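File shown: model.txt (compact mmCIF, N, CA, C and O atoms).
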# COMPACT_ATOMS: atom_id res chain seq x y z
N MET A 1 110.22 -21.80 25.50
CA MET A 1 109.84 -21.80 24.10
C MET A 1 109.89 -23.23 23.58
O MET A 1 110.82 -23.97 23.82
N GLU A 2 108.87 -23.58 22.84
CA GLU A 2 108.73 -24.92 22.31
C GLU A 2 109.43 -25.05 20.96
O GLU A 2 109.44 -24.12 20.17
N SER A 3 110.01 -26.20 20.71
CA SER A 3 110.70 -26.44 19.45
C SER A 3 109.72 -26.39 18.29
O SER A 3 108.61 -26.91 18.36
N LYS A 4 110.12 -25.77 17.20
CA LYS A 4 109.29 -25.68 16.00
C LYS A 4 109.49 -26.88 15.09
O LYS A 4 108.66 -27.17 14.27
N ILE A 5 110.63 -27.56 15.22
CA ILE A 5 110.94 -28.70 14.37
C ILE A 5 110.83 -29.96 15.21
O ILE A 5 111.50 -30.11 16.22
N ILE A 6 109.96 -30.84 14.79
CA ILE A 6 109.75 -32.08 15.53
C ILE A 6 109.61 -33.22 14.52
O ILE A 6 109.08 -33.03 13.42
N ARG A 7 110.11 -34.40 14.89
CA ARG A 7 110.03 -35.55 14.00
C ARG A 7 108.58 -35.96 13.78
O ARG A 7 107.76 -35.87 14.69
N PRO A 8 108.25 -36.43 12.59
CA PRO A 8 106.90 -36.93 12.35
C PRO A 8 106.58 -38.09 13.30
O PRO A 8 107.46 -38.89 13.63
N GLY A 9 105.35 -38.17 13.75
CA GLY A 9 104.95 -39.24 14.65
C GLY A 9 105.20 -38.94 16.11
O GLY A 9 105.07 -39.82 16.96
N HIS A 10 105.56 -37.70 16.41
CA HIS A 10 105.84 -37.30 17.78
C HIS A 10 105.05 -36.05 18.14
O HIS A 10 104.66 -35.28 17.27
N LEU A 11 104.83 -35.87 19.44
CA LEU A 11 104.15 -34.69 19.96
C LEU A 11 105.03 -34.01 20.99
O LEU A 11 105.80 -34.67 21.69
N THR A 12 104.90 -32.70 21.09
CA THR A 12 105.60 -31.96 22.13
C THR A 12 104.86 -32.17 23.45
O THR A 12 103.75 -32.71 23.49
N ALA A 13 105.45 -31.71 24.53
CA ALA A 13 104.79 -31.82 25.84
C ALA A 13 103.48 -31.03 25.85
O ALA A 13 102.48 -31.50 26.40
N HIS A 14 103.47 -29.86 25.23
CA HIS A 14 102.25 -29.05 25.18
C HIS A 14 101.15 -29.76 24.39
O HIS A 14 99.99 -29.78 24.81
N GLN A 15 101.52 -30.34 23.26
CA GLN A 15 100.54 -31.07 22.46
C GLN A 15 100.02 -32.29 23.20
O GLN A 15 98.83 -32.60 23.17
N THR A 16 100.91 -32.98 23.89
CA THR A 16 100.54 -34.16 24.67
C THR A 16 99.56 -33.78 25.77
O THR A 16 98.54 -34.45 25.97
N ALA A 17 99.85 -32.71 26.47
CA ALA A 17 98.96 -32.25 27.53
C ALA A 17 97.58 -31.91 26.96
O ALA A 17 96.55 -32.23 27.56
N SER A 18 97.55 -31.28 25.81
CA SER A 18 96.29 -30.91 25.18
C SER A 18 95.48 -32.15 24.80
O SER A 18 94.27 -32.21 25.05
N VAL A 19 96.12 -33.15 24.22
CA VAL A 19 95.44 -34.39 23.83
C VAL A 19 94.86 -35.10 25.05
O VAL A 19 93.73 -35.60 25.02
N LEU A 20 95.62 -35.12 26.14
CA LEU A 20 95.19 -35.82 27.34
C LEU A 20 94.27 -34.99 28.22
O LEU A 20 93.68 -35.51 29.17
N GLY A 21 94.16 -33.70 27.94
CA GLY A 21 93.30 -32.83 28.73
C GLY A 21 93.84 -32.54 30.11
O GLY A 21 93.08 -32.38 31.08
N ILE A 22 95.16 -32.47 30.22
CA ILE A 22 95.83 -32.19 31.49
C ILE A 22 96.85 -31.09 31.29
O ILE A 22 97.08 -30.64 30.17
N GLY A 23 97.49 -30.67 32.36
CA GLY A 23 98.54 -29.66 32.27
C GLY A 23 99.91 -30.30 32.09
O GLY A 23 100.06 -31.52 32.10
N LEU A 24 100.91 -29.44 31.94
CA LEU A 24 102.28 -29.94 31.78
C LEU A 24 102.75 -30.71 33.01
O LEU A 24 103.49 -31.68 32.90
N GLY A 25 102.33 -30.27 34.17
CA GLY A 25 102.68 -30.99 35.40
C GLY A 25 102.12 -32.40 35.40
O GLY A 25 102.76 -33.34 35.88
N GLY A 26 100.93 -32.55 34.84
CA GLY A 26 100.32 -33.87 34.73
C GLY A 26 101.10 -34.78 33.80
O GLY A 26 101.23 -35.97 34.05
N VAL A 27 101.61 -34.20 32.72
CA VAL A 27 102.44 -34.98 31.79
C VAL A 27 103.70 -35.45 32.51
O VAL A 27 104.10 -36.61 32.39
N ARG A 28 104.33 -34.55 33.26
CA ARG A 28 105.54 -34.93 34.02
C ARG A 28 105.23 -36.05 35.01
O ARG A 28 106.02 -36.98 35.17
N LYS A 29 104.07 -35.98 35.67
CA LYS A 29 103.70 -37.03 36.63
C LYS A 29 103.50 -38.37 35.93
O LYS A 29 103.88 -39.41 36.46
N LEU A 30 102.89 -38.36 34.75
CA LEU A 30 102.71 -39.60 34.00
C LEU A 30 104.06 -40.22 33.65
O LEU A 30 104.22 -41.44 33.70
N VAL A 31 105.03 -39.39 33.30
CA VAL A 31 106.38 -39.89 33.00
C VAL A 31 107.02 -40.45 34.26
O VAL A 31 107.59 -41.55 34.24
N GLN A 32 106.90 -39.74 35.37
CA GLN A 32 107.49 -40.20 36.64
C GLN A 32 106.89 -41.53 37.09
O GLN A 32 107.58 -42.36 37.66
N ARG A 33 105.60 -41.72 36.83
CA ARG A 33 104.91 -42.95 37.24
C ARG A 33 105.11 -44.08 36.25
O ARG A 33 104.62 -45.19 36.46
N GLY A 34 105.77 -43.81 35.13
CA GLY A 34 106.05 -44.85 34.15
C GLY A 34 104.89 -45.13 33.21
O GLY A 34 104.90 -46.13 32.50
N GLN A 35 103.87 -44.28 33.18
CA GLN A 35 102.72 -44.48 32.31
C GLN A 35 102.94 -43.91 30.92
O GLN A 35 102.20 -44.22 29.99
N LEU A 36 103.95 -43.06 30.77
CA LEU A 36 104.27 -42.43 29.50
C LEU A 36 105.78 -42.32 29.39
O LEU A 36 106.44 -41.97 30.37
N GLN A 37 106.32 -42.61 28.22
CA GLN A 37 107.77 -42.57 28.03
C GLN A 37 108.14 -41.50 27.01
O GLN A 37 107.46 -41.33 26.00
N ARG A 38 109.22 -40.80 27.29
CA ARG A 38 109.74 -39.84 26.31
C ARG A 38 110.33 -40.61 25.14
O ARG A 38 110.90 -41.68 25.32
N SER A 39 110.19 -40.05 23.95
CA SER A 39 110.73 -40.75 22.79
C SER A 39 111.64 -39.86 21.96
O SER A 39 111.91 -40.15 20.79
N GLY A 40 112.12 -38.80 22.54
CA GLY A 40 113.03 -37.91 21.83
C GLY A 40 113.03 -36.53 22.43
O GLY A 40 112.54 -36.32 23.54
N GLY A 41 113.59 -35.60 21.70
CA GLY A 41 113.69 -34.23 22.18
C GLY A 41 114.83 -34.07 23.15
O GLY A 41 115.82 -34.79 23.10
N THR A 42 114.67 -33.12 24.05
CA THR A 42 115.69 -32.85 25.07
C THR A 42 115.05 -32.97 26.44
O THR A 42 113.84 -33.15 26.57
N GLU A 43 115.86 -32.84 27.47
CA GLU A 43 115.35 -32.90 28.84
C GLU A 43 114.31 -31.79 29.08
O GLU A 43 113.30 -32.01 29.72
N ARG A 44 114.59 -30.62 28.54
CA ARG A 44 113.68 -29.48 28.74
C ARG A 44 112.52 -29.45 27.75
O ARG A 44 111.50 -28.82 28.02
N GLN A 45 112.69 -30.08 26.60
CA GLN A 45 111.65 -30.10 25.57
C GLN A 45 111.47 -31.52 25.04
O GLN A 45 111.87 -31.83 23.92
N PRO A 46 110.85 -32.37 25.86
CA PRO A 46 110.70 -33.78 25.44
C PRO A 46 109.63 -33.96 24.37
O PRO A 46 108.72 -33.14 24.24
N TRP A 47 109.77 -35.05 23.64
CA TRP A 47 108.77 -35.45 22.65
C TRP A 47 108.19 -36.78 23.12
O TRP A 47 108.85 -37.56 23.79
N TYR A 48 106.95 -37.02 22.70
CA TYR A 48 106.27 -38.25 23.03
C TYR A 48 105.70 -38.85 21.76
O TYR A 48 105.21 -38.14 20.90
N ALA A 49 105.74 -40.16 21.63
CA ALA A 49 105.24 -40.85 20.44
C ALA A 49 103.72 -40.73 20.38
O ALA A 49 103.03 -40.91 21.38
N VAL A 50 103.22 -40.41 19.19
CA VAL A 50 101.78 -40.26 18.99
C VAL A 50 101.04 -41.53 19.40
O VAL A 50 100.00 -41.47 20.06
N ALA A 51 101.57 -42.69 19.03
CA ALA A 51 100.91 -43.96 19.36
C ALA A 51 100.78 -44.14 20.87
O ALA A 51 99.74 -44.60 21.37
N ASP A 52 101.83 -43.78 21.62
CA ASP A 52 101.79 -43.90 23.08
C ASP A 52 100.75 -42.96 23.69
O ASP A 52 100.01 -43.33 24.60
N VAL A 53 100.71 -41.74 23.18
CA VAL A 53 99.79 -40.74 23.71
C VAL A 53 98.34 -41.12 23.41
O VAL A 53 97.48 -41.04 24.29
N THR A 54 98.07 -41.56 22.19
CA THR A 54 96.70 -41.93 21.85
C THR A 54 96.25 -43.17 22.61
O THR A 54 95.09 -43.26 23.02
N ALA A 55 97.15 -44.12 22.83
CA ALA A 55 96.81 -45.31 23.62
C ALA A 55 96.49 -44.92 25.05
O ALA A 55 95.53 -45.42 25.65
N LEU A 56 97.28 -44.02 25.62
CA LEU A 56 97.04 -43.56 26.98
C LEU A 56 95.73 -42.78 27.07
O LEU A 56 94.96 -42.94 28.02
N ALA A 57 95.44 -41.96 26.08
CA ALA A 57 94.19 -41.19 26.05
C ALA A 57 92.99 -42.14 26.00
O ALA A 57 91.99 -41.94 26.69
N ALA A 58 93.08 -43.19 25.18
CA ALA A 58 92.00 -44.17 25.07
C ALA A 58 91.82 -44.93 26.40
O ALA A 58 90.69 -45.16 26.84
N LYS A 59 92.92 -45.27 27.03
CA LYS A 59 92.86 -45.98 28.31
C LYS A 59 92.21 -45.10 29.38
O LYS A 59 91.35 -45.55 30.13
N ARG A 60 92.57 -43.83 29.41
CA ARG A 60 92.00 -42.89 30.38
C ARG A 60 90.51 -42.67 30.11
O ARG A 60 89.72 -42.57 31.04
N ALA A 61 90.12 -42.61 28.84
CA ALA A 61 88.71 -42.43 28.50
C ALA A 61 87.89 -43.65 28.91
O ALA A 61 86.76 -43.53 29.41
N ALA A 62 88.45 -44.85 28.72
CA ALA A 62 87.76 -46.08 29.10
C ALA A 62 87.59 -46.15 30.61
O ALA A 62 86.55 -46.58 31.10
N GLN A 63 88.61 -45.73 31.36
CA GLN A 63 88.51 -45.73 32.82
C GLN A 63 87.49 -44.72 33.31
O GLN A 63 86.77 -44.96 34.27
N ALA A 64 87.40 -43.59 32.64
CA ALA A 64 86.44 -42.56 33.03
C ALA A 64 85.00 -43.01 32.73
O ALA A 64 84.08 -42.64 33.45
N ALA A 65 84.83 -43.80 31.68
CA ALA A 65 83.50 -44.27 31.30
C ALA A 65 83.03 -45.42 32.22
O ALA A 65 81.84 -45.65 32.34
N ALA A 66 83.97 -46.11 32.83
CA ALA A 66 83.61 -47.26 33.67
C ALA A 66 83.07 -46.86 35.01
O ALA A 66 83.15 -45.86 35.53
Show how you would write the structure in this file as structure tokens.
Amino acid sequence: MESKIIRPGHLTAHQTASVLGIGLGGVRKLVQRGQLQRSGGTERQPWYAVADVTALAAKRAAQAAA
């Protein structure tokens, strides 16, 4: 179950996966590879900064277009 209360400027793992167009496993892999950092939450329900997620989404879109 996902947390209903989240700090402004942050996304849950599910929201992050949706923005990036990947699954939760993909989000975990991005964290393991150091491409995305957790910015709050708990070990089981991490949060990610909106700025980090949008920057990563833009970078991935630019790579796909190239």
Strand (DSSP E or B) call set, DSSP backbone run, chain A, as number ranges by chain: A: 10-12, 38-41, 46-49
For Val27 of chain A: contacts at 8 Å, all atoms listed in the file, fewer than 4 positions along chain excluded, given as a ChimeraX atom specification: /A:13,16-17,22-23,31-37
Show me, as a PDB file with N, CA, C and O atoms, in the coordinates of the input, the residues that have an atom within 8 Å of segment 55-65 of chain A when counting only N, CA, C and O atoms, minus same-chain residues fewer than 5 positions from it.
ATOM      1  N   VAL A  19      96.120 -33.150  24.220  1.00  0.00           N
ATOM      2  CA  VAL A  19      95.440 -34.390  23.830  1.00  0.00           C
ATOM      3  C   VAL A  19      94.860 -35.100  25.050  1.00  0.00           C
ATOM      4  O   VAL A  19      93.730 -35.600  25.020  1.00  0.00           O
ATOM      5  N   LEU A  20      95.620 -35.120  26.140  1.00  0.00           N
ATOM      6  CA  LEU A  20      95.190 -35.820  27.340  1.00  0.00           C
ATOM      7  C   LEU A  20      94.270 -34.990  28.220  1.00  0.00           C
ATOM      8  O   LEU A  20      93.680 -35.510  29.170  1.00  0.00           O
ATOM      9  N   GLY A  21      94.160 -33.700  27.940  1.00  0.00           N
ATOM     10  CA  GLY A  21      93.300 -32.830  28.730  1.00  0.00           C
ATOM     11  C   GLY A  21      93.840 -32.540  30.110  1.00  0.00           C
ATOM     12  O   GLY A  21      93.080 -32.380  31.080  1.00  0.00           O
ATOM     13  N   GLN A  35     103.870 -44.280  33.180  1.00  0.00           N
ATOM     14  CA  GLN A  35     102.720 -44.480  32.310  1.00  0.00           C
ATOM     15  C   GLN A  35     102.940 -43.910  30.920  1.00  0.00           C
ATOM     16  O   GLN A  35     102.200 -44.220  29.990  1.00  0.00           O
ATOM     17  N   LEU A  36     103.950 -43.060  30.770  1.00  0.00           N
ATOM     18  CA  LEU A  36     104.270 -42.430  29.500  1.00  0.00           C
ATOM     19  C   LEU A  36     105.780 -42.320  29.390  1.00  0.00           C
ATOM     20  O   LEU A  36     106.440 -41.970  30.370  1.00  0.00           O
ATOM     21  N   ALA A  49     105.740 -40.160  21.630  1.00  0.00           N
ATOM     22  CA  ALA A  49     105.240 -40.850  20.440  1.00  0.00           C
ATOM     23  C   ALA A  49     103.720 -40.730  20.380  1.00  0.00           C
ATOM     24  O   ALA A  49     103.030 -40.910  21.380  1.00  0.00           O
ATOM     25  N   VAL A  50     103.220 -40.410  19.190  1.00  0.00           N
ATOM     26  CA  VAL A  50     101.780 -40.260  18.990  1.00  0.00           C
ATOM     27  C   VAL A  50     101.040 -41.530  19.400  1.00  0.00           C
ATOM     28  O   VAL A  50     100.000 -41.470  20.060  1.00  0.00           O
TER      29      VAL A  50
END
Minimum-distance residue to Gly9 of chain A, chosen among A:Gln45, A:Ala66, A:Asp52, A:Leu30 (using all atoms listed in the file): A:Asp52
Nearest-residue call for Arg28 of chain A, choices A:Gly40, A:Leu11, A:Pro46, A:Ile6, using only C-alpha atoms: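 Answer, going by the shortest atom-to-atom distance: A:Pro46.
Put simply, atom CA of His10 of chain A is 5.4 Å away from atom CA of Tyr48 of chain A.
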Atom pair atom C of Val53 of chain A / atom C of Ser18 of chain A: separation (Å): 9.5 Å
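Interatomic distance, atom CA of Thr12 of chain A to atom O of Trp47 of chain A: 6.7 Å.
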Expected answer as a ChimeraX atom specification: alpha helix (DSSP H) residues in chain A: /A:13-20,24-32,50-65
Give the padded box for segment 22-35 of chain A as lines of an AutoDock Vina configuration file: axis-aligned, covering all atoms listed in the file, 8 Å on each side, centre and edge lengths in Å to one decimal.
center_x = 101.4
center_y = -37.8
center_z = 33.8
size_x = 28.4
size_y = 32.7
size_z = 23.7
